[in-house]
2 protein chains.
Amino acid sequence: MAQDPSRPRPTMAEVARAAKVSVMTVSYTYAQPDRVSERTRARVREAAARLGYPGPHPGARSLRRGRAGSLGVVLGEHLTYAFEDPQATRFLAGVAEVCAGHGLGLTIVPITGAPSDTDRVAEAAVDGFVVWTTSDDDPVVPAVAATGLPAVVHGGPHHRDMPIVAIDDRKAARAVAAEVFASARRPVVLSFPLDRARARGVRNGLDPAEATFRVTRERLRGVRDAWEAAGGRWPQVRVAVCARNSAGEAASLATEFLAGPDAPDAVMAMSDELALGLMRAATRAGLAVPGDLAVTGWDDTDAAAAAGLTTVAQNLRAQGARCAQLVLGEEATDETAPIEWRLVLRDSTRR
Amino acid sequence: MAQDPSRPRPTMAEVARAAKVSVMTVSYTYAQPDRVSERTRARVREAAARLGYPGPHPGARSLRRGRAGSLGVVLGEHLTYAFEDPQATRFLAGVAEVCAGHGLGLTIVPITGAPSDTDRVAEAAVDGFVVWTTSDDDPVVPAVAATGLPAVVHGGPHHRDMPIVAIDDRKAARAVAAEVFASARRPVVLSFPLDRARARGVRNGLDPAEATFRVTRERLRGVRDAWEAAGGRWPQVRVAVCARNSAGEAASLATEFLAGPDAPDAVMAMSDELALGLMRAATRAGLAVPGDLAVTGWDDTDAAAAAGLTTVAQNLRAQGARCAQLVLGEEATDETAPIEWRLVLRDSTRR
DNA sequence: ACTTGTCTGTGTATCGTTACACATGCTGTG
DNA sequence: CACAGCATGTGTAACGATACACAGACAAGT
């Protein structure tokens, strides 16, 4: 795998000797090329190439300069889930974009759910952290705060030392749920996991406060607001909790509540992926959308638009970018401006 | 954003002083806790907490130990594309999994397409590289080789110093294309980009050698093999080249060749995303699958299974894991075993 | 009592680079 | 012609941690 594992990495001093210049000249050749005359620069580059010098050692550079040259991203409980979650991916693209613009790397801190995760955070060679939405009791959050590095949380939880980037989930949930729940008789909420245990199942009148993921909690509260505003009682609402944000998961869970006389006539899903999975299951079960049941999603992805899904539009990518900018200390203006969202009405709720 | 930007990071020496022990004792407390008695350990930990010491400086540690504690991933031309490509994401999940198992971070090297990308590679604080499929002429590849660090390429291009992890794309393409092209009269290939320029468009009899992405090239060759084996001439085959691997892109490009008397009766797509995008466009155009046109995808994603799409199954996640293992020098056995794939026949080609 | 071994704590040198202050030579200007 | 000002090259001292070798204390075995 290696190129030549036997030969040790040459150092700047060796290059300097080979090029008959001082170490500093070599250093400047890499760090501030303008500081060195063109002729000397060429000689140094030539010597470096001859010795196979790959450029300044990043560790040494980082130690001396005091900057790591990379932004850390903490992706919730298990990396596996994170990369399979399209929302997380969109968010990451936004973070990555800003990193690239600053010439920074993007280091994914490997989280597995083990207690050693906090060590990983402390050991990460980064200049700041972006924390992807996680549960209130996730020990990774205090670990991030303990590094003393600039950090921003997306989605939740709140932490004294870190700004949070998120939309007003409760309000948005209220809006989208109102659209479909006002006239519903057998409503179902297709929910994100409540906590890091990620138990799946269907329950009636679930107390939103049980959810330790802030996003899940706030959206449940919003739904409850809407249902009660329409004159309903919360225990009438079934909450189907998915273990992960994927269409497959939703489709499989849907079989548990889609059949029989109790089949819902309205489903509010917490993501477009979940909504689309449900719609797939509904079609298989012979139910028509919106004829038999109205459906709403969340995020306004391309697929949602293609499927005519009513949804809450929010730009996760922009939110990722914003998190990165905040960590990097950019954007002094409108730092406190709320993140935008809007309700997009489509056929899936057209009665 | 920061916790307290004013106060400088405490050093190990300060902690040692506060705990009234030597610096080495503090070092051991973090690096080899068993080497230190429980009492002393507690004293050190306490002092560290009191001073707000976040643990050993990663840069210094990396310099001294000679390991960076992170694996680098180079994600092709532009980060943006990479994170939006579901295949790349699946692959990443595999890499991440192995990293997590080794307690390593995963550093995404920010690529923008600018010449400075090669500097980014040289500057990355990593112990090895995994290169996601890119074009033969991508300067990033020699830059990776020049670091002298262990490196593995996924998909392509080939490079003397790096093993490559990929399936036999030509053979697989031959197999899937044979399934549908044997009886086709107006075949279309829905292709990945040919090169980093990512020009989109529809062309007849495109020479596979034009493609500098190895994967694209090999698959085109496989399709040609199949078509010619069925007695056809290559120029009869239209190749629709997408700029990116997304359903939306495919659907939009499909409008250019789906209408009129020339509408294809068979489409072989290079990914399930492209195939599904095309099917969406076909449905909108009033064409039935497989009645009016047969369609095949590639990758066997959940969505492909749900849509009844004939496809080539390959496990990108496992390939990501494998790349990481190779870089880390794991797995001495079956290192040269070819990566598996298989043809999955479903309704989209059932005539 | 003496050797042997284990456990725990301690200096010192060093990892490879860059910030900083300084030295030199050359150009242009009053 | 002297002197400022710029361009270019050079030592030295950190940056913060860890590998290594060694020292003392104590227990156990002979």
# chains A, B, ... in the order shown; residues from 1 in each chain; ligands from 1
>>> residues_around(residues="DT27 in chain C", least_positions_apart="2", cutoff="10 Å", atoms="only C-alpha atoms (C1' of nucleotides)", output="ChimeraX atom specification")
/C:25,29 /D:5-6
>>> residues_around(residues="DT14 in chain C", least_positions_apart="4", cutoff="10 Å", atoms="only C-alpha atoms (C1' of nucleotides)", output="list of chain:residue names")
B:Arg64, D:DT18, D:DA19
>>> residues_around(residues="Gly205 in chain B", least_positions_apart="2", cutoff="10 Å", atoms="only C-alpha atoms (C1' of nucleotides)", output="count of residues only")
12
>>> select_by_dssp(residues="range 35-252 of chain B", states="strand (DSSP E)", output="ChimeraX atom specification")
/B:70-74,105-109,129-131,151-154,164-165,187-191,201-204,238-241
>>> interface_residues(of="chain C", to="chain A", cutoff="7 Å", atoms="only C-alpha atoms (C1' of nucleotides)", output="PyMOL selection string")
chain C and resi 16-18
>>> residues_around(residues="Ala184 in chain B", least_positions_apart="2", cutoff="9 Å", atoms="only C-alpha atoms (C1' of nucleotides)", output="list in words")
Val180, Phe181, Ala182, Arg186, Pro187, Pro264, Asp265, Ala266, Leu293 and Ala294 of chain B
>>> interface_residues(of="chain D", to="chain B", cutoff="8 Å", atoms="only C-alpha atoms (C1' of nucleotides)", output="PyMOL selection string")
chain D and resi 15-18
>>> write_last_selection(atoms="C-alpha atoms (C1' of nucleotides)", output="PDB file, in the first residue's frame")
ATOM      1  C1'  DC D  15       5.809  25.181  20.102  1.00  0.00           C
ATOM      2  C1'  DG D  16       3.895  20.787  23.546  1.00  0.00           C
ATOM      3  C1'  DA D  17       4.366  16.335  23.968  1.00  0.00           C
ATOM      4  C1'  DT D  18       6.514  11.512  24.429  1.00  0.00           C
TER       5       DT D  18
END
>>> interface_residues(of="chain B", to="chain A", cutoff="6 Å", atoms="only C-alpha atoms", output="list in words")
Met1, Ala2, Gln3, Pro54, Pro58, Gly59, Ala60, Ser62, Leu63, Thr80, Phe83, Ala93, Ala100, Gly105, Leu106, Thr107, Ile108, Val109, Pro110, Glu123, Ala125, Thr147, Gly148, Leu149, Pro150, Ala151, Asp161 and Met162 of chain B
>>> write_last_selection(atoms="N, CA and C atoms", output="tab-separated table (two decimals), in the first residue's frame")
chain	number	residue	atom	x	y	z
B	1	MET	N	-18.72	32.35	19.97
B	1	MET	CA	-18.63	30.97	19.57
B	1	MET	C	-17.66	30.21	20.46
B	2	ALA	N	-16.58	30.87	20.75
B	2	ALA	CA	-15.56	30.20	21.58
B	2	ALA	C	-16.03	30.18	23.02
B	3	GLN	N	-15.37	29.37	23.79
B	3	GLN	CA	-15.73	29.30	25.18
B	3	GLN	C	-15.16	30.50	25.91
B	54	PRO	N	-7.48	20.58	28.30
B	54	PRO	CA	-8.32	19.72	27.46
B	54	PRO	C	-7.65	18.43	27.03
B	58	PRO	N	-3.05	17.80	20.19
B	58	PRO	CA	-2.96	16.80	19.13
B	58	PRO	C	-1.78	17.01	18.19
B	59	GLY	N	-1.48	18.26	17.91
B	59	GLY	CA	-0.36	18.54	17.02
B	59	GLY	C	0.95	18.06	17.60
B	60	ALA	N	1.16	18.39	18.84
B	60	ALA	CA	2.40	17.99	19.51
B	60	ALA	C	2.49	16.48	19.58
B	62	SER	N	1.08	14.33	17.64
B	62	SER	CA	1.30	13.79	16.31
B	62	SER	C	2.76	13.94	15.90
B	63	LEU	N	3.33	15.08	16.22
B	63	LEU	CA	4.73	15.31	15.88
B	63	LEU	C	5.63	14.29	16.55
B	80	THR	N	-18.74	19.39	-3.07
B	80	THR	CA	-20.18	19.53	-3.23
B	80	THR	C	-20.78	18.33	-3.94
B	83	PHE	N	-20.67	14.95	-1.75
B	83	PHE	CA	-21.65	14.72	-0.69
B	83	PHE	C	-23.06	14.57	-1.24
B	93	ALA	N	-19.37	5.81	4.35
B	93	ALA	CA	-19.83	5.14	5.57
B	93	ALA	C	-18.94	3.94	5.86
B	100	ALA	N	-13.55	4.30	12.76
B	100	ALA	CA	-14.08	4.29	14.12
B	100	ALA	C	-13.54	3.09	14.88
B	105	GLY	N	-9.67	9.31	13.22
B	105	GLY	CA	-10.56	10.28	12.61
B	105	GLY	C	-10.62	10.06	11.12
B	106	LEU	N	-11.49	10.78	10.46
B	106	LEU	CA	-11.62	10.66	9.02
B	106	LEU	C	-11.58	12.08	8.49
B	107	THR	N	-10.52	12.42	7.79
B	107	THR	CA	-10.38	13.78	7.31
B	107	THR	C	-10.71	13.87	5.84
B	108	ILE	N	-11.71	14.69	5.55
B	108	ILE	CA	-12.07	14.91	4.16
B	108	ILE	C	-11.16	16.01	3.63
B	109	VAL	N	-10.39	15.70	2.63
B	109	VAL	CA	-9.51	16.70	2.06
B	109	VAL	C	-10.33	17.56	1.11
B	110	PRO	N	-10.34	18.87	1.37
B	110	PRO	CA	-11.23	19.74	0.61
B	110	PRO	C	-10.74	19.97	-0.80
B	123	GLU	N	-0.70	19.01	2.73
B	123	GLU	CA	-0.82	19.58	4.07
B	123	GLU	C	-1.67	18.77	5.02
B	125	ALA	N	-3.11	16.44	7.62
B	125	ALA	CA	-2.51	15.71	8.74
B	125	ALA	C	-3.17	14.35	8.87
B	147	THR	N	3.12	12.03	-1.24
B	147	THR	CA	3.23	12.12	0.22
B	147	THR	C	3.98	10.91	0.78
B	148	GLY	N	4.02	9.84	0.00
B	148	GLY	CA	4.70	8.65	0.49
B	148	GLY	C	3.90	7.89	1.53
B	149	LEU	N	2.70	8.36	1.81
B	149	LEU	CA	1.85	7.67	2.78
B	149	LEU	C	1.11	6.53	2.08
B	150	PRO	N	0.70	5.53	2.86
B	150	PRO	CA	-0.08	4.46	2.27
B	150	PRO	C	-1.36	5.02	1.66
B	151	ALA	N	-1.71	4.53	0.50
B	151	ALA	CA	-2.88	5.07	-0.19
B	151	ALA	C	-3.53	4.00	-1.05
B	161	ASP	N	1.81	3.17	-7.51
B	161	ASP	CA	2.08	2.98	-6.09
B	161	ASP	C	0.84	2.66	-5.25
B	162	MET	N	-0.32	2.59	-5.89
B	162	MET	CA	-1.52	2.40	-5.08
B	162	MET	C	-2.38	1.27	-5.61
>>> residues_around(residues="Thr40 in chain B", least_positions_apart="6", cutoff="10 Å", atoms="only C-alpha atoms (C1' of nucleotides)", output="short mmCIF file (atom, residue, chain, number, x, y, z; two decimals) with N, CA and C atoms (P, O5', C5', C4', C3', O3' and C1' of nucleotides), in the first residue's frame")
data_model
loop_
_atom_site.label_atom_id
_atom_site.label_comp_id
_atom_site.auth_asym_id
_atom_site.auth_seq_id
_atom_site.Cartn_x
_atom_site.Cartn_y
_atom_site.Cartn_z
N ALA B 19 -0.41 19.76 39.97
CA ALA B 19 -0.66 18.48 40.63
C ALA B 19 0.56 18.02 41.43
N LYS B 20 1.61 18.81 41.36
CA LYS B 20 2.86 18.47 42.04
C LYS B 20 3.41 17.10 41.62
N VAL B 21 3.44 16.91 40.32
CA VAL B 21 4.07 15.70 39.77
C VAL B 21 4.91 16.12 38.57
N THR B 25 4.52 12.18 34.28
CA THR B 25 3.41 11.54 34.97
C THR B 25 2.08 11.99 34.36
N VAL B 26 2.03 13.27 34.04
CA VAL B 26 0.81 13.75 33.39
C VAL B 26 0.64 13.09 32.03
N THR B 29 -0.57 9.72 32.42
CA THR B 29 -1.95 9.70 32.88
C THR B 29 -2.91 9.68 31.69
N GLU B 46 -7.72 15.82 38.49
CA GLU B 46 -8.34 16.91 39.22
C GLU B 46 -7.70 18.24 38.84
P DT C 8 1.40 0.67 40.39
"O5'" DT C 8 2.36 1.91 40.40
"C5'" DT C 8 2.74 2.47 41.65
"C4'" DT C 8 3.83 3.48 41.44
"C3'" DT C 8 3.44 4.69 40.59
"O3'" DT C 8 3.37 5.79 41.47
"C1'" DT C 8 5.64 3.92 40.14
P DG C 9 2.80 7.15 40.98
"O5'" DG C 9 4.14 7.96 40.63
"C5'" DG C 9 4.96 8.39 41.71
"C4'" DG C 9 6.30 8.83 41.17
"C3'" DG C 9 6.25 10.03 40.22
"O3'" DG C 9 6.91 11.15 40.84
"C1'" DG C 9 7.72 8.32 39.42
#
>>> residues_around(residues="Asp225 in chain A", least_positions_apart="4", cutoff="12 Å", atoms="only C-alpha atoms (C1' of nucleotides)", output="PyMOL selection string")
chain A and resi 170-178+181-182+208+218-221+229-234+237
>>> atom_distance(atom1="CA of Ser191 in chain A", atom2="CA of Arg244 in chain A")
9.4 Å
